[in-house]
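Contents: one structure, followed by commentary.
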Amino acid sequence: MRHVRRRMVRRVTRLASVGGIVLGAAMVTQAVASEPPAAAPRVLAEDAGPGVGQDTGAGLVERLGSSRTAGSWIDDEGRPVVAVTDDEAAAEVRGAGATAKLVRHSMRELKSATRQLGSAPRVTGTAWMVDYRSNEVVVRGDSTVSAGDWSELTDLADGMGDFVRMERAEGTFTTRINGALPILSTAGRCSAGFNVTDGKTDFILTAGHCGPDGSVWFADNRGDQPVGRTVAGSFPGNDYSLVQYSGGRAGDGAGVVAIGDGQGVRITGVGEPSVGQRVFRSGSSSGLRDGEVTALNATVNYPEGTVSGLIETNVCAEPGDSGGPMFSEGIALGVTSGGSGDCRAGGTTYFQPLPQALSALGVQLIASGPQNGQAAPAPSGPQSAAAPGTSTPISAEAGRQLLARLADPRNVGPGLLVVGGSLIALVATRWIRTEQDRKAYQRYYSATWG
């Protein structure tokens with residue numbers, strides 16, 4: 001009877017271990033298939049319903065005014081934070097459900113400092129922006145800025161006040177000619193951004209520095225696959241341009257941007273980013289990259305000229321990524337302008353905001369909108385991407401999120417613990433059985449040998 005009970009215990013333990021492995025694998029699969037637990041970035045999309053974004057940080061800043069606020073951002077928990085200059089404004093921000101941070105300098109003061117910088121003699125290789133979190137104006141100079149020019153800028157900053165911070169940047173601030181998918185011309189190599197339309201003709205919206213009006217673009221380096229011709233744009237000052245499709249139409253699936261490996265993301269609307277928001281950028285040189293928005297309304301002095309009103313991020317980019325799309329959760333935000341660094345050491349990248357470019361050019365984004373009267377579903381996974389002017393199935397969110405979910409212990413940790421514990425139990429059961437058999441074997445033969 002004792003041997004029968006042992007066998008029963010071993011069988012039950014083995015069955016429980018196998019069941020635990022199956023359960024743990026199911027938990028891991030569910031974690032991978034689900035959305036990541038990080039707070040969703042807040043965007044102000046054109047197609048948002050009534051009331052959406054009324055009490056976001058940007059909405060509160062607009063309501064309170066630039067003399068009582070100094071910008072807003074999203075904290076690590078995904079909640080809006082508003083910088084305010086008085087207790088009354090702080091109480092109003094808290095009453096709206098946001099976090100208030102009392103600061104010394106208003107946005108009016110900070111913007112006054114940036115205007116002074118803009119009126120000073122231009123120094124190539126410099127950039128400046130307002131850092132909402134530190135309540136400072138940050139002036140950066142790349143490796144091309146001479147010691148003399150940097151000293152003069154420092155003297156100018158000292159005269160403005162202690163809220164102007166000087167920083168040296170790694171590398172050089174350059175435009176990123178040479179992705180979304182590559183488009184090539186005699187002007188260089190860029191990346192297609194977003195498909196747009198004026199209601200009659202379709203265009204690619206890309207960076208303005210990629211080529212002047214009349215530039216002819218191809219999808220291959222032999223000139224066998226014509227894409228279109230640049231018909232409008234602005235650079236420097238701004239950094240956007242329109243490439244009119246040769247056939248006049250972008251084709252089916254035009255509301256998709258490429259993210260590499262033949263896959264793409266469906267774009268459902270256009271919006272404005274927030275500081276602290278997680279964003280993605282795609283480019284033909286470095287593929288899909290992600291990071292966060294670090295500043296808005298930045299000014300960069302490229303060798304070719306000055307561009308203002310840019311979105312600053314810590315997403316990396318390399319030559320050839322110019323014009324490529326920046327987006328978040330299916331919302332189009334901007335196109336790649338330039339920056340410093342690369343995707344090995346990291347860097348800073350600037351983007352032309354999309355709403356301003358669309359308004360100036362008189363075009364609208366071609367988006368993957370609702371179907372059959374239903375709201376467009378949220379992106380859930382990568383699918384086939386389109387080449388400029390070709391059709392594609394509807395796509396979805398970036399494949400890199402899969403890696404993020406796999407690496408996040410909050411998602412797959414419990415499942416892996418169950419699998420690991422079950423494997424240990426299974427191995428232990430097997431070892432115990434082997435050890436028992438070995439001892440029984442020894443007892444039998446020791447009795448036989450006398």
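So you can find residues: chains in the structure tokens are A, B, ... in the order shown, residues in each start at 1, and ligands are numbered from 1 in order.
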
Subject >> Exercise: Ala120 of chain A partners within 10 Å, only C-alpha atoms, chain neighbours under 3 positions left out, as a PyMOL selection string >> reply: chain A and resi 115-117+123+153+156

Deliver the residues from the most recent selection as a file, using C-alpha atoms, as a short mmCIF file (atom, residue, chain, number, x, y, z; two decimals), in the first residue's frame.
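Contents of selection05.cif, freshly written:
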```cif
data_model
loop_
_atom_site.label_atom_id
_atom_site.label_comp_id
_atom_site.auth_asym_id
_atom_site.auth_seq_id
_atom_site.Cartn_x
_atom_site.Cartn_y
_atom_site.Cartn_z
CA ARG A 115 12.97 86.34 -28.61
CA GLN A 116 16.17 88.04 -27.44
CA LEU A 117 18.16 85.01 -28.55
CA VAL A 123 25.33 81.27 -34.77
CA LEU A 153 26.20 83.75 -26.28
CA LEU A 156 24.00 87.43 -23.63
#
```

Report as a Markdown table: every residue of segment 294-320 of chain A with an atom at most 9 Å from segment 327-337 of chain A, its closest pair of atoms, and their distance in Å to one decimal, counting only C-alpha atoms, with rows sorted by chain and ascending residue number.
```
| residue | atom | partner | partner_atom | distance |
| --- | --- | --- | --- | --- |
| A:Leu310 | CA | A:Ser337 | CA | 8.3 |
| A:Ile311 | CA | A:Gly334 | CA | 8.0 |
| A:Ala317 | CA | A:Thr336 | CA | 8.4 |
```

Original post:
Which residue gives the smallest distance to Pro121 of chain A among A:Ala295, A:Asn301, A:Gly214, A:Thr144, with only C-alpha atoms counted?
Top reply: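 That would be A:Asn301, the residue with the smallest distance to Pro121 of chain A.
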
**OP:** Excluding Val231 of chain A and any residue of its chain fewer than 6 positions from it, enumerate the residues within 7 Å of it, using only C-alpha atoms, and give them as a PyMOL selection string.
**Re:** chain A and resi 213-214+242-244

Using only C-alpha atoms, find each residue in segment 70-145 of chain A having at least one atom no more than 12 Å away from segment 341-365 of chain A; report its shortest atom-to-atom pair and that distance in Å (one decimal), rows by chain then rising number, as JSON lines.
```
{"residue": "A:Ala127", "atom": "CA", "partner": "A:Tyr350", "partner_atom": "CA", "distance": 10.4}
{"residue": "A:Trp128", "atom": "CA", "partner": "A:Tyr350", "partner_atom": "CA", "distance": 11.6}
{"residue": "A:Met129", "atom": "CA", "partner": "A:Tyr350", "partner_atom": "CA", "distance": 11.2}
{"residue": "A:Arg140", "atom": "CA", "partner": "A:Thr348", "partner_atom": "CA", "distance": 11.1}
{"residue": "A:Asp142", "atom": "CA", "partner": "A:Gly341", "partner_atom": "CA", "distance": 10.2}
{"residue": "A:Ser143", "atom": "CA", "partner": "A:Gly341", "partner_atom": "CA", "distance": 11.1}
```
